[in-house]
file structure.txt (compact mmCIF, C-alpha atoms)
# COMPACT_ATOMS: atom_id res chain seq x y z
CA MET A 25 29.76 24.27 159.90
CA GLN A 26 28.39 20.76 160.38
CA ALA A 27 24.77 20.05 159.53
CA ILE A 28 22.38 17.25 158.70
CA THR A 29 21.17 17.58 155.12
CA VAL A 30 18.75 15.88 152.74
CA HIS A 31 19.13 15.79 148.95
CA ASP A 32 16.78 13.06 147.70
CA ARG A 33 13.06 13.33 148.37
CA ASP A 34 12.48 9.64 147.64
CA ALA A 35 15.20 8.38 150.00
CA GLY A 36 13.40 9.21 153.25
CA ALA A 37 15.42 9.00 156.45
CA SER A 38 18.11 6.95 154.68
CA GLY A 39 18.96 10.08 152.68
CA LEU A 40 19.99 12.09 155.75
CA THR A 41 23.73 12.77 155.93
CA LEU A 42 26.09 14.70 158.19
CA GLY A 43 28.34 17.06 156.28
CA GLU A 44 29.68 20.58 155.88
CA LEU A 45 27.59 23.60 154.86
CA PRO A 46 28.49 27.31 154.66
CA TYR A 47 27.80 29.47 157.68
CA PRO A 48 24.26 30.89 157.28
CA HIS A 49 23.51 34.45 156.16
CA ALA A 50 21.49 36.63 158.52
CA ALA A 51 18.89 38.46 156.43
CA GLU A 52 17.02 41.55 157.59
CA ASN A 53 15.30 40.94 160.96
CA ASP A 54 17.09 37.58 161.31
CA VAL A 55 19.42 36.28 163.96
CA VAL A 56 21.99 33.53 163.54
CA VAL A 57 21.70 31.09 166.44
CA ARG A 58 24.45 28.79 167.59
CA VAL A 59 22.28 25.74 168.10
CA HIS A 60 22.80 23.84 171.36
CA ALA A 61 19.84 21.46 171.10
CA ALA A 62 17.30 20.74 168.38
CA GLY A 63 14.00 18.94 167.94
CA PHE A 64 12.50 17.46 164.80
CA THR A 65 9.34 15.83 163.50
CA ARG A 66 9.81 12.48 161.76
CA GLY A 67 7.14 13.27 159.20
CA GLU A 68 8.77 16.49 158.02
CA LEU A 69 10.68 14.74 155.25
CA SER A 70 7.33 14.43 153.46
CA TRP A 71 6.45 18.13 153.86
CA PRO A 72 6.72 20.22 150.66
CA ALA A 73 8.43 23.02 152.62
CA THR A 74 11.36 20.71 153.38
CA TRP A 75 12.19 20.67 149.67
CA THR A 76 11.11 24.03 148.25
CA ASP A 77 11.19 27.66 149.30
CA ARG A 78 8.20 30.01 149.50
CA ALA A 79 8.34 30.55 145.73
CA GLY A 80 8.25 26.81 145.07
CA ARG A 81 11.90 26.60 144.00
CA ASP A 82 14.06 23.60 144.90
CA ARG A 83 16.22 24.42 147.90
CA THR A 84 18.16 21.20 148.42
CA PRO A 85 20.41 20.36 150.11
CA SER A 86 18.12 21.37 152.94
CA VAL A 87 18.56 21.09 156.70
CA PRO A 88 15.60 19.53 158.57
CA GLY A 89 14.51 20.18 162.15
CA HIS A 90 12.54 23.21 163.31
CA GLU A 91 12.74 23.37 167.10
CA LEU A 92 15.89 24.84 168.55
CA SER A 93 17.52 26.19 171.67
CA GLY A 94 20.81 28.02 171.64
CA VAL A 95 22.63 31.34 171.82
CA VAL A 96 22.40 34.33 169.49
CA ALA A 97 25.65 34.53 167.49
CA GLU A 98 24.82 37.36 165.07
CA LEU A 99 22.11 39.94 164.40
CA GLY A 100 20.82 40.72 160.93
CA TYR A 101 20.19 44.26 159.74
CA GLY A 102 17.28 45.88 161.58
CA THR A 103 16.93 43.11 164.16
CA THR A 104 15.67 44.32 167.53
CA GLY A 105 14.57 42.70 170.77
CA LEU A 106 17.46 40.22 171.03
CA THR A 107 21.19 40.60 171.66
CA VAL A 108 24.35 38.69 170.75
CA GLY A 109 25.13 36.13 173.45
CA GLN A 110 21.50 35.84 174.58
CA ARG A 111 20.01 32.41 175.23
CA VAL A 112 16.94 31.81 173.04
CA PHE A 113 14.58 29.06 171.90
CA GLY A 114 11.82 28.76 169.34
CA LEU A 115 10.91 27.68 165.82
CA ALA A 116 12.99 27.84 162.66
CA ASP A 117 11.11 28.79 159.50
CA TRP A 118 9.31 25.96 157.66
CA THR A 119 10.74 26.87 154.22
CA ARG A 120 14.33 27.63 155.26
CA ASN A 121 17.17 25.53 156.61
CA GLY A 122 16.33 24.23 160.03
CA SER A 123 17.87 23.39 163.37
CA LEU A 124 19.89 20.19 162.82
CA ALA A 125 23.03 22.23 162.31
CA GLU A 126 25.66 24.03 164.36
CA TYR A 127 24.24 27.39 163.25
CA THR A 128 20.96 28.45 161.69
CA ALA A 129 19.38 31.74 160.62
CA VAL A 130 15.94 32.41 162.11
CA GLU A 131 13.52 35.31 162.05
CA ALA A 132 13.94 37.03 165.40
CA ARG A 133 10.19 37.13 165.99
CA ASN A 134 10.13 33.30 166.01
CA LEU A 135 12.35 33.18 169.11
CA ALA A 136 11.89 33.93 172.80
CA PRO A 137 14.45 34.52 175.56
CA LEU A 138 15.46 31.36 177.43
CA PRO A 139 16.06 31.69 181.18
CA ALA A 140 19.46 30.57 182.41
CA ASP A 141 17.98 27.83 184.61
CA VAL A 142 16.17 25.99 181.79
CA ASP A 143 18.31 23.40 180.02
CA HIS A 144 18.63 23.59 176.24
CA THR A 145 17.42 20.00 175.82
CA VAL A 146 14.20 20.81 177.67
CA ALA A 147 13.70 24.05 175.74
CA ALA A 148 14.17 22.28 172.39
CA ALA A 149 11.28 19.93 173.23
CA LEU A 150 8.90 22.79 173.96
CA PRO A 151 8.17 24.93 170.85
CA ILE A 152 6.07 22.69 168.58
CA SER A 153 4.42 20.65 171.34
CA GLY A 154 3.82 23.66 173.57
CA LEU A 155 2.60 26.06 170.90
CA THR A 156 0.39 23.41 169.29
CA ALA A 157 -1.22 22.49 172.60
CA TRP A 158 -1.75 26.14 173.60
CA GLN A 159 -3.15 27.24 170.25
CA GLY A 160 -5.35 24.17 169.95
CA LEU A 161 -6.86 24.44 173.41
CA PHE A 162 -7.15 28.18 173.89
CA ASP A 163 -6.88 30.05 170.59
CA HIS A 164 -9.01 27.62 168.57
CA GLY A 165 -10.83 25.53 171.19
CA ARG A 166 -11.56 28.47 173.53
CA LEU A 167 -11.26 26.13 176.51
CA THR A 168 -12.10 27.68 179.88
CA ALA A 169 -12.38 26.64 183.52
CA GLY A 170 -15.16 24.17 184.26
CA GLN A 171 -15.38 22.79 180.73
CA THR A 172 -14.55 19.23 179.66
CA VAL A 173 -11.91 18.49 177.05
CA LEU A 174 -11.18 15.18 175.32
CA ILE A 175 -7.48 14.94 174.39
CA HIS A 176 -6.42 12.23 171.97
CA GLY A 177 -2.84 10.97 172.13
CA ALA A 178 -2.52 12.29 175.65
CA ALA A 179 0.85 10.66 176.38
CA GLY A 180 2.55 12.06 173.27
CA GLY A 181 4.57 15.22 172.89
CA VAL A 182 1.63 17.51 172.07
CA GLY A 183 -0.99 15.62 174.06
CA SER A 184 1.04 15.51 177.28
CA VAL A 185 1.47 19.29 177.22
CA ALA A 186 -2.22 19.74 176.41
CA VAL A 187 -3.24 17.66 179.43
CA GLN A 188 -1.11 19.79 181.75
CA LEU A 189 -2.31 23.10 180.32
CA ALA A 190 -5.97 22.04 180.42
CA ARG A 191 -5.68 20.95 184.04
CA GLU A 192 -4.01 24.23 184.98
CA VAL A 193 -6.85 26.26 183.51
CA GLY A 194 -9.37 24.25 185.54
CA ALA A 195 -10.87 21.99 182.87
CA ARG A 196 -11.92 18.37 183.30
CA VAL A 197 -9.64 16.21 181.14
CA ILE A 198 -10.53 12.96 179.41
CA ALA A 199 -7.35 11.47 177.94
CA THR A 200 -7.06 8.76 175.31
CA GLY A 201 -4.30 6.48 174.10
CA ARG A 202 -3.08 2.90 174.27
CA SER A 203 -3.26 0.86 177.46
CA ALA A 204 0.45 1.48 178.11
CA ASP A 205 -0.26 5.23 178.22
CA ARG A 206 -2.75 5.08 181.08
CA ASP A 207 -0.37 5.74 183.98
CA THR A 208 1.41 8.53 182.11
CA ALA A 209 -1.82 10.34 181.23
CA LEU A 210 -3.28 10.03 184.72
CA GLY A 211 0.04 11.11 186.23
CA LEU A 212 -0.08 14.28 184.15
CA GLY A 213 -3.44 15.14 185.67
CA ALA A 214 -6.08 13.57 183.43
CA ASP A 215 -9.33 12.81 185.26
CA VAL A 216 -10.29 9.85 183.04
CA PHE A 217 -8.35 7.63 180.65
CA VAL A 218 -9.90 5.90 177.64
CA ASP A 219 -8.04 2.99 176.03
CA LEU A 220 -8.87 3.42 172.34
CA ARG A 221 -8.44 -0.32 171.73
CA ALA A 222 -10.36 -1.69 174.69
CA ASP A 223 -12.88 1.01 175.68
CA ARG A 224 -15.78 2.57 173.78
CA LEU A 225 -14.95 6.16 172.89
CA GLU A 226 -18.65 7.00 172.73
CA ASP A 227 -19.05 6.15 176.43
CA THR A 228 -17.16 9.31 177.39
CA GLY A 229 -20.27 11.43 176.91
CA GLU A 230 -20.43 14.97 175.56
CA VAL A 231 -17.48 17.32 175.85
CA ASP A 232 -16.91 21.02 175.17
CA VAL A 233 -13.66 20.55 173.24
CA VAL A 234 -12.05 17.66 171.40
CA PHE A 235 -8.33 18.11 170.76
CA ASP A 236 -7.18 15.57 168.19
CA VAL A 237 -3.68 14.64 166.99
CA ILE A 238 -4.59 11.28 165.42
CA GLY A 239 -7.05 11.89 162.59
CA GLY A 240 -8.83 9.18 160.62
CA GLU A 241 -11.65 7.18 162.19
CA ILE A 242 -10.96 8.55 165.68
CA LEU A 243 -11.37 12.12 164.40
CA ASP A 244 -14.60 11.23 162.59
CA ARG A 245 -16.12 9.50 165.62
CA SER A 246 -15.15 12.35 167.91
CA ALA A 247 -17.37 14.86 166.10
CA ALA A 248 -20.48 13.32 167.64
CA LEU A 249 -19.11 13.87 171.15
CA VAL A 250 -18.96 17.67 170.86
CA ARG A 251 -21.87 19.27 172.67
CA ALA A 252 -23.78 22.21 171.22
CA GLY A 253 -21.53 25.25 170.92
CA GLY A 254 -18.37 23.20 171.37
CA THR A 255 -15.34 22.76 169.15
CA LEU A 256 -13.54 19.90 167.43
CA VAL A 257 -9.88 20.88 166.96
CA THR A 258 -7.39 18.78 165.00
CA ILE A 259 -3.84 19.04 163.70
CA ALA A 260 -4.04 15.76 161.75
CA ALA A 261 -6.12 16.68 158.69
CA PRO A 262 -9.11 18.85 157.75
CA PRO A 263 -12.11 17.10 159.33
CA THR A 264 -14.62 15.42 157.02
CA VAL A 265 -17.21 14.97 159.78
CA ARG A 266 -18.27 18.05 161.73
CA PRO A 267 -20.12 18.48 165.03
CA GLU A 268 -23.86 18.84 164.48
CA ASP A 269 -24.09 22.13 166.37
CA GLY A 270 -20.48 23.18 166.89
CA ARG A 271 -17.28 24.21 165.15
CA ALA A 272 -14.55 22.15 163.50
CA VAL A 273 -11.03 23.60 163.21
CA PHE A 274 -7.92 22.28 161.48
CA PHE A 275 -4.77 24.32 162.06
CA VAL A 276 -1.02 24.36 161.61
CA VAL A 277 1.04 25.66 164.52
CA GLU A 278 2.44 29.19 164.23
CA PRO A 279 5.43 30.78 166.00
CA ASP A 280 4.48 33.13 168.82
CA ARG A 281 7.02 34.77 171.14
CA THR A 282 4.43 35.72 173.76
CA THR A 283 3.16 32.16 174.09
CA LEU A 284 6.68 30.71 174.12
CA THR A 285 7.47 33.05 177.02
CA ALA A 286 4.35 31.94 178.89
CA LEU A 287 5.23 28.29 178.32
CA VAL A 288 8.83 28.54 179.50
CA ARG A 289 7.65 30.43 182.59
CA ARG A 290 5.54 27.41 183.46
CA VAL A 291 8.53 25.12 182.93
CA ARG A 292 10.59 27.23 185.36
CA ASP A 293 7.79 27.16 187.93
CA GLY A 294 7.41 23.39 187.69
CA ARG A 295 3.86 23.69 186.33
CA LEU A 296 4.76 22.19 182.95
CA LYS A 297 7.09 19.32 182.04
CA PRO A 298 7.77 18.73 178.34
CA ALA A 299 8.17 15.08 177.45
CA VAL A 300 11.91 14.67 176.77
CA GLY A 301 12.96 11.20 175.69
CA GLU A 302 16.33 10.20 174.25
CA VAL A 303 19.05 12.79 173.80
CA ARG A 304 21.26 12.01 170.81
CA SER A 305 24.27 13.67 169.16
CA LEU A 306 24.14 15.47 165.81
CA ALA A 307 25.92 12.52 164.19
CA GLU A 308 23.13 10.24 165.47
CA ALA A 309 20.32 12.38 164.03
CA PRO A 310 19.83 10.25 160.86
CA ALA A 311 19.34 7.12 162.98
CA ALA A 312 16.98 9.02 165.31
CA PHE A 313 14.82 10.01 162.34
CA ALA A 314 14.35 6.44 161.18
CA PRO A 315 10.99 4.90 162.20
CA GLY A 316 11.28 2.11 164.74
CA PRO A 317 9.11 -1.02 165.08
CA PRO A 318 5.47 -0.26 165.99
CA GLY A 319 5.06 0.26 169.70
CA ARG A 320 8.80 0.20 170.34
CA ARG A 321 9.48 3.92 170.27
CA GLY A 322 10.40 5.26 173.70
CA PRO A 323 8.35 7.89 175.54
CA GLY A 324 9.04 11.57 175.01
CA ARG A 325 10.55 13.65 172.23
CA THR A 326 13.97 12.67 170.89
CA ILE A 327 16.24 15.70 171.18
CA ILE A 328 19.51 16.26 169.30
CA ARG A 329 22.24 17.76 171.47
CA VAL A 330 24.32 19.75 168.96
CA VAL A 331 26.77 21.20 171.49
CA PRO A 332 28.09 18.25 173.57
CA GLY A 333 27.72 18.25 177.32
CA GLY A 334 26.00 20.89 179.37
CA ALA A 335 27.36 24.04 177.75
CA ALA A 336 25.32 27.14 178.50

call {"tool": "encode", "arguments": {"input": "structure.txt", "output": "structure tokens"}}
result
Amino acid sequence: MQAITVHDRDAGASGLTLGELPYPHAAENDVVVRVHAAGFTRGELSWPATWTDRAGRDRTPSVPGHELSGVVAELGYGTTGLTVGQRVFGLADWTRNGSLAEYTAVEARNLAPLPADVDHTVAAALPISGLTAWQGLFDHGRLTAGQTVLIHGAAGGVGSVAVQLAREVGARVIATGRSADRDTALGLGADVFVDLRADRLEDTGEVDVVFDVIGGEILDRSAALVRAGGTLVTIAAPPTVRPEDGRAVFFVVEPDRTTLTALVRRVRDGRLKPAVGEVRSLAEAPAAFAPGPPGRRGPGRTIIRVVPGGAA
């Protein structure tokens, strides 16, 4: 099968190549998915799990990409809940070969059924952004109706989903970003937009939840905005400044079939629109990984269409 692989940790995106790999083995409770569309995170080439397995052993050449949408091609021993030929989407394991390949082996529990009327390119943009937003807002932030949430990076992949989910639950949303993000954030349902370069973050007042994807100085300054009993949630780095009378949570997204099902239901109903940007071929994946000039990257997640055209 064809796959994108990396061999050299120091080479970065320039070390990505398209080549041939053996068809994957389906271990116990695995499924092999014929990948139709895949998502990736540009920073994953720096993650230790891209280069080593759970025991810390070198596993190169490794296949990057963790979001996928496709069709079940094979069931491993003991696998239940899915069937051959079923449309699915979800997250490939962090320490195993990923989704930038024609086929990949995934733990069945990391996948959810994909309705026939949701396109694979849309589904591939949903797992990391959707699960991160959901877990950050509700599992860790405990956001409820009537509360106020401050969402940093509101026009990005995670932030844009978080804005929509927070609005649906009945929260007041303060969104932040660059000036060019204002219309996008307000169009998603944010009540207020704060330009982090031109506006004073501290003028937003107290909030119940801060959901941060930026880190650094913005994360530190945000701690003071959390009212008593509130929560500062971040995916950027463990916070060094904590709310005076609240919680601070750093987390890494986890697969969850139930939440994936709830998210894709919202996509079908038109209540949630993942931010899909460019759609590129598998051969173009190395170029898509490469960082562009600051401020020149297009809106939305770049998705790799592994199966050309609109195949089901």

call {"tool": "atom_distance", "arguments": {"input": "structure.txt", "atom1": "atom CA of A:Ala27", "atom2": "atom CA of A:Trp118"}}
result
16.7 Å

call {"tool": "residues_around", "arguments": {"input": "structure.txt", "residues": "A:Gly165", "least_positions_apart": "5", "cutoff": "10 Å", "atoms": "all atoms listed in the file", "output": "MDAnalysis selection string"}}
result
chainID A and resid 158:160 173 232:235 254:258 271:273

call {"tool": "write_last_selection", "arguments": {"input": "structure.txt", "atoms": "C-alpha atoms", "output": "compact mmCIF listing (two decimals), in the frame of the given file"}}
result
# COMPACT_ATOMS: atom_id res chain seq x y z
CA TRP A 158 -1.75 26.14 173.60
CA GLN A 159 -3.15 27.24 170.25
CA GLY A 160 -5.35 24.17 169.95
CA VAL A 173 -11.91 18.49 177.05
CA ASP A 232 -16.91 21.02 175.17
CA VAL A 233 -13.66 20.55 173.24
CA VAL A 234 -12.05 17.66 171.40
CA PHE A 235 -8.33 18.11 170.76
CA GLY A 254 -18.37 23.20 171.37
CA THR A 255 -15.34 22.76 169.15
CA LEU A 256 -13.54 19.90 167.43
CA VAL A 257 -9.88 20.88 166.96
CA THR A 258 -7.39 18.78 165.00
CA ARG A 271 -17.28 24.21 165.15
CA ALA A 272 -14.55 22.15 163.50
CA VAL A 273 -11.03 23.60 163.21

call {"tool": "axis_aligned_box", "arguments": {"input": "structure.txt", "around": "stretch 264-270 of chain A", "padding_each_side": "3 Å", "output": "JSON"}}
result
{"center_x": -19.4, "center_y": 19.1, "center_z": 162.0, "size_x": 15.5, "size_y": 14.2, "size_z": 15.9}

call {"tool": "closest_residue", "arguments": {"input": "structure.txt", "among": "A:Thr74, A:Thr228, A:Gln188, A:Thr264", "to": "A:Val291", "atoms": "all atoms listed in the file"}}
result
A:Gln188

call {"tool": "closest_residue", "arguments": {"input": "structure.txt", "among": "A:Phe113, A:Phe275, A:Trp75, A:Tyr127", "to": "A:Val331", "atoms": "all atoms listed in the file"}}
result
A:Tyr127

call {"tool": "atom_distance", "arguments": {"input": "structure.txt", "atom1": "atom CA of A:Pro332", "atom2": "atom CA of A:Gly301"}}
result
16.8 Å

call {"tool": "atom_distance", "arguments": {"input": "structure.txt", "atom1": "atom CA of A:Asp236", "atom2": "atom CA of A:Thr65"}}
result
17.2 Å

call {"tool": "residues_around", "arguments": {"input": "structure.txt", "residues": "stretch 86-99 of chain A", "least_positions_apart": "4", "cutoff": "6 Å", "atoms": "only C-alpha atoms", "output": "compact mmCIF listing (two decimals) with C-alpha atoms, keeping the file's coordinate frame"}}
result
# COMPACT_ATOMS: atom_id res chain seq x y z
CA ILE A 28 22.38 17.25 158.70
CA THR A 29 21.17 17.58 155.12
CA VAL A 30 18.75 15.88 152.74
CA VAL A 55 19.42 36.28 163.96
CA VAL A 56 21.99 33.53 163.54
CA VAL A 57 21.70 31.09 166.44
CA ARG A 58 24.45 28.79 167.59
CA VAL A 59 22.28 25.74 168.10
CA HIS A 60 22.80 23.84 171.36
CA ALA A 61 19.84 21.46 171.10
CA ALA A 62 17.30 20.74 168.38
CA GLY A 63 14.00 18.94 167.94
CA PHE A 64 12.50 17.46 164.80
CA VAL A 108 24.35 38.69 170.75
CA GLY A 109 25.13 36.13 173.45
CA GLN A 110 21.50 35.84 174.58
CA ARG A 111 20.01 32.41 175.23
CA VAL A 112 16.94 31.81 173.04
CA PHE A 113 14.58 29.06 171.90
CA GLY A 114 11.82 28.76 169.34
CA LEU A 115 10.91 27.68 165.82
CA ALA A 116 12.99 27.84 162.66
CA ASN A 121 17.17 25.53 156.61
CA GLY A 122 16.33 24.23 160.03
CA SER A 123 17.87 23.39 163.37
CA LEU A 124 19.89 20.19 162.82
CA HIS A 144 18.63 23.59 176.24
CA ALA A 147 13.70 24.05 175.74
CA ALA A 148 14.17 22.28 172.39

call {"tool": "residues_around", "arguments": {"input": "structure.txt", "residues": "A:Leu189", "least_positions_apart": "4", "cutoff": "10 Å", "atoms": "all atoms listed in the file", "output": "JSON, numbers by chain"}}
result
{"A": [154, 157, 158, 161, 162, 183, 184, 185, 193, 194, 195, 212, 213, 287, 290, 295, 296]}

call {"tool": "residues_near_point", "arguments": {"input": "structure.txt", "point": "(0.9, 11.3, 178.6)", "cutoff": "12 Å", "atoms": "all atoms listed in the file", "output": "PDB file with C-alpha atoms, keeping the file's coordinate frame"}}
result
ATOM      1  CA  ILE A 175      -7.480  14.940 174.390  1.00  0.00           C
ATOM      2  CA  HIS A 176      -6.420  12.230 171.970  1.00  0.00           C
ATOM      3  CA  GLY A 177      -2.840  10.970 172.130  1.00  0.00           C
ATOM      4  CA  ALA A 178      -2.520  12.290 175.650  1.00  0.00           C
ATOM      5  CA  ALA A 179       0.850  10.660 176.380  1.00  0.00           C
ATOM      6  CA  GLY A 180       2.550  12.060 173.270  1.00  0.00           C
ATOM      7  CA  GLY A 181       4.570  15.220 172.890  1.00  0.00           C
ATOM      8  CA  VAL A 182       1.630  17.510 172.070  1.00  0.00           C
ATOM      9  CA  GLY A 183      -0.990  15.620 174.060  1.00  0.00           C
ATOM     10  CA  SER A 184       1.040  15.510 177.280  1.00  0.00           C
ATOM     11  CA  VAL A 185       1.470  19.290 177.220  1.00  0.00           C
ATOM     12  CA  ALA A 186      -2.220  19.740 176.410  1.00  0.00           C
ATOM     13  CA  VAL A 187      -3.240  17.660 179.430  1.00  0.00           C
ATOM     14  CA  GLN A 188      -1.110  19.790 181.750  1.00  0.00           C
ATOM     15  CA  VAL A 197      -9.640  16.210 181.140  1.00  0.00           C
ATOM     16  CA  ILE A 198     -10.530  12.960 179.410  1.00  0.00           C
ATOM     17  CA  ALA A 199      -7.350  11.470 177.940  1.00  0.00           C
ATOM     18  CA  THR A 200      -7.060   8.760 175.310  1.00  0.00           C
ATOM     19  CA  GLY A 201      -4.300   6.480 174.100  1.00  0.00           C
ATOM     20  CA  ARG A 202      -3.080   2.900 174.270  1.00  0.00           C
ATOM     21  CA  SER A 203      -3.260   0.860 177.460  1.00  0.00           C
ATOM     22  CA  ALA A 204       0.450   1.480 178.110  1.00  0.00           C
ATOM     23  CA  ASP A 205      -0.260   5.230 178.220  1.00  0.00           C
ATOM     24  CA  ARG A 206      -2.750   5.080 181.080  1.00  0.00           C
ATOM     25  CA  ASP A 207      -0.370   5.740 183.980  1.00  0.00           C
ATOM     26  CA  THR A 208       1.410   8.530 182.110  1.00  0.00           C
ATOM     27  CA  ALA A 209      -1.820  10.340 181.230  1.00  0.00           C
ATOM     28  CA  LEU A 210      -3.280  10.030 184.720  1.00  0.00           C
ATOM     29  CA  GLY A 211       0.040  11.110 186.230  1.00  0.00           C
ATOM     30  CA  LEU A 212      -0.080  14.280 184.150  1.00  0.00           C
ATOM     31  CA  GLY A 213      -3.440  15.140 185.670  1.00  0.00           C
ATOM     32  CA  ALA A 214      -6.080  13.570 183.430  1.00  0.00           C
ATOM     33  CA  PHE A 217      -8.350   7.630 180.650  1.00  0.00           C
ATOM     34  CA  LYS A 297       7.090  19.320 182.040  1.00  0.00           C
ATOM     35  CA  PRO A 298       7.770  18.730 178.340  1.00  0.00           C
ATOM     36  CA  ALA A 299       8.170  15.080 177.450  1.00  0.00           C
ATOM     37  CA  VAL A 300      11.910  14.670 176.770  1.00  0.00           C
ATOM     38  CA  PRO A 323       8.350   7.890 175.540  1.00  0.00           C
ATOM     39  CA  GLY A 324       9.040  11.570 175.010  1.00  0.00           C
ATOM     40  CA  ARG A 325      10.550  13.650 172.230  1.00  0.00           C
TER      41      ARG A 325
END

call {"tool": "residues_around", "arguments": {"input": "structure.txt", "residues": "A:Asp227", "least_positions_apart": "6", "cutoff": "12 Å", "atoms": "only C-alpha atoms", "output": "mmCIF file with C-alpha atoms, in the coordinates of the input"}}
result
data_model
loop_
_atom_site.group_PDB
_atom_site.id
_atom_site.type_symbol
_atom_site.label_atom_id
_atom_site.label_comp_id
_atom_site.auth_asym_id
_atom_site.auth_seq_id
_atom_site.Cartn_x
_atom_site.Cartn_y
_atom_site.Cartn_z
ATOM 1 C CA ILE A 198 -10.530 12.960 179.410
ATOM 2 C CA VAL A 216 -10.290 9.850 183.040
ATOM 3 C CA PHE A 217 -8.350 7.630 180.650
ATOM 4 C CA VAL A 218 -9.900 5.900 177.640
ATOM 5 C CA ASP A 219 -8.040 2.990 176.030
ATOM 6 C CA LEU A 220 -8.870 3.420 172.340
ATOM 7 C CA ARG A 245 -16.120 9.500 165.620
ATOM 8 C CA SER A 246 -15.150 12.350 167.910
ATOM 9 C CA ALA A 248 -20.480 13.320 167.640
ATOM 10 C CA LEU A 249 -19.110 13.870 171.150
#

call {"tool": "residues_around", "arguments": {"input": "structure.txt", "residues": "A:Asp141", "least_positions_apart": "5", "cutoff": "12 Å", "atoms": "only C-alpha atoms", "output": "PDB file with C-alpha atoms, keeping the file's coordinate frame"}}
result
ATOM      1  CA  ARG A 111      20.010  32.410 175.230  1.00  0.00           C
ATOM      2  CA  VAL A 146      14.200  20.810 177.670  1.00  0.00           C
ATOM      3  CA  ALA A 147      13.700  24.050 175.740  1.00  0.00           C
ATOM      4  CA  VAL A 288       8.830  28.540 179.500  1.00  0.00           C
ATOM      5  CA  ARG A 289       7.650  30.430 182.590  1.00  0.00           C
ATOM      6  CA  VAL A 291       8.530  25.120 182.930  1.00  0.00           C
ATOM      7  CA  ARG A 292      10.590  27.230 185.360  1.00  0.00           C
ATOM      8  CA  ASP A 293       7.790  27.160 187.930  1.00  0.00           C
ATOM      9  CA  GLY A 294       7.410  23.390 187.690  1.00  0.00           C
ATOM     10  CA  GLY A 334      26.000  20.890 179.370  1.00  0.00           C
ATOM     11  CA  ALA A 336      25.320  27.140 178.500  1.00  0.00           C
TER      12      ALA A 336
END

call {"tool": "closest_residue", "arguments": {"input": "structure.txt", "among": "A:Glu230, A:Glu131, A:Asp163, A:Glu44", "to": "A:Gln26", "atoms": "only C-alpha atoms"}}
result
A:Glu44

call {"tool": "closest_residue", "arguments": {"input": "structure.txt", "among": "A:Arg281, A:Thr41, A:Asp244, A:Ile259", "to": "A:Glu308", "atoms": "all atoms listed in the file"}}
result
A:Thr41

call {"tool": "closest_residue", "arguments": {"input": "structure.txt", "among": "A:Arg166, A:Arg304, A:Arg120, A:Arg221", "to": "A:Pro48", "atoms": "all atoms listed in the file"}}
result
A:Arg120

call {"tool": "build_atoms", "arguments": {"input": "structure.txt", "residues": "stretch 189-197 of chain A", "atoms": "N, CA, C and O atoms", "output": "PDB file, in the frame of the given file"}}
result
ATOM      1  N   LEU A 189      -1.762  21.758 180.476  1.00  0.00           N
ATOM      2  CA  LEU A 189      -2.310  23.100 180.320  1.00  0.00           C
ATOM      3  C   LEU A 189      -3.818  23.124 180.614  1.00  0.00           C
ATOM      4  O   LEU A 189      -4.328  24.067 181.236  1.00  0.00           O
ATOM      5  N   ALA A 190      -4.535  22.090 180.170  1.00  0.00           N
ATOM      6  CA  ALA A 190      -5.970  22.040 180.420  1.00  0.00           C
ATOM      7  C   ALA A 190      -6.278  21.910 181.903  1.00  0.00           C
ATOM      8  O   ALA A 190      -7.204  22.547 182.417  1.00  0.00           O
ATOM      9  N   ARG A 191      -5.499  21.095 182.595  1.00  0.00           N
ATOM     10  CA  ARG A 191      -5.680  20.950 184.040  1.00  0.00           C
ATOM     11  C   ARG A 191      -5.403  22.264 184.753  1.00  0.00           C
ATOM     12  O   ARG A 191      -6.131  22.651 185.675  1.00  0.00           O
ATOM     13  N   GLU A 192      -4.359  22.961 184.321  1.00  0.00           N
ATOM     14  CA  GLU A 192      -4.010  24.230 184.980  1.00  0.00           C
ATOM     15  C   GLU A 192      -5.116  25.265 184.853  1.00  0.00           C
ATOM     16  O   GLU A 192      -5.363  26.038 185.783  1.00  0.00           O
ATOM     17  N   VAL A 193      -5.808  25.264 183.715  1.00  0.00           N
ATOM     18  CA  VAL A 193      -6.850  26.260 183.510  1.00  0.00           C
ATOM     19  C   VAL A 193      -8.147  25.888 184.237  1.00  0.00           C
ATOM     20  O   VAL A 193      -9.082  26.687 184.306  1.00  0.00           O
ATOM     21  N   GLY A 194      -8.203  24.660 184.775  1.00  0.00           N
ATOM     22  CA  GLY A 194      -9.370  24.250 185.540  1.00  0.00           C
ATOM     23  C   GLY A 194     -10.395  23.461 184.754  1.00  0.00           C
ATOM     24  O   GLY A 194     -11.577  23.401 185.129  1.00  0.00           O
ATOM     25  N   ALA A 195      -9.962  22.821 183.663  1.00  0.00           N
ATOM     26  CA  ALA A 195     -10.870  21.990 182.870  1.00  0.00           C
ATOM     27  C   ALA A 195     -10.825  20.545 183.359  1.00  0.00           C
ATOM     28  O   ALA A 195      -9.848  20.101 183.953  1.00  0.00           O
ATOM     29  N   ARG A 196     -11.888  19.820 183.074  1.00  0.00           N
ATOM     30  CA  ARG A 196     -11.920  18.370 183.300  1.00  0.00           C
ATOM     31  C   ARG A 196     -11.331  17.711 182.067  1.00  0.00           C
ATOM     32  O   ARG A 196     -11.739  18.018 180.940  1.00  0.00           O
ATOM     33  N   VAL A 197     -10.382  16.789 182.260  1.00  0.00           N
ATOM     34  CA  VAL A 197      -9.640  16.210 181.140  1.00  0.00           C
ATOM     35  C   VAL A 197      -9.940  14.729 180.993  1.00  0.00           C
ATOM     36  O   VAL A 197      -9.748  13.950 181.927  1.00  0.00           O
TER      37      VAL A 197
END
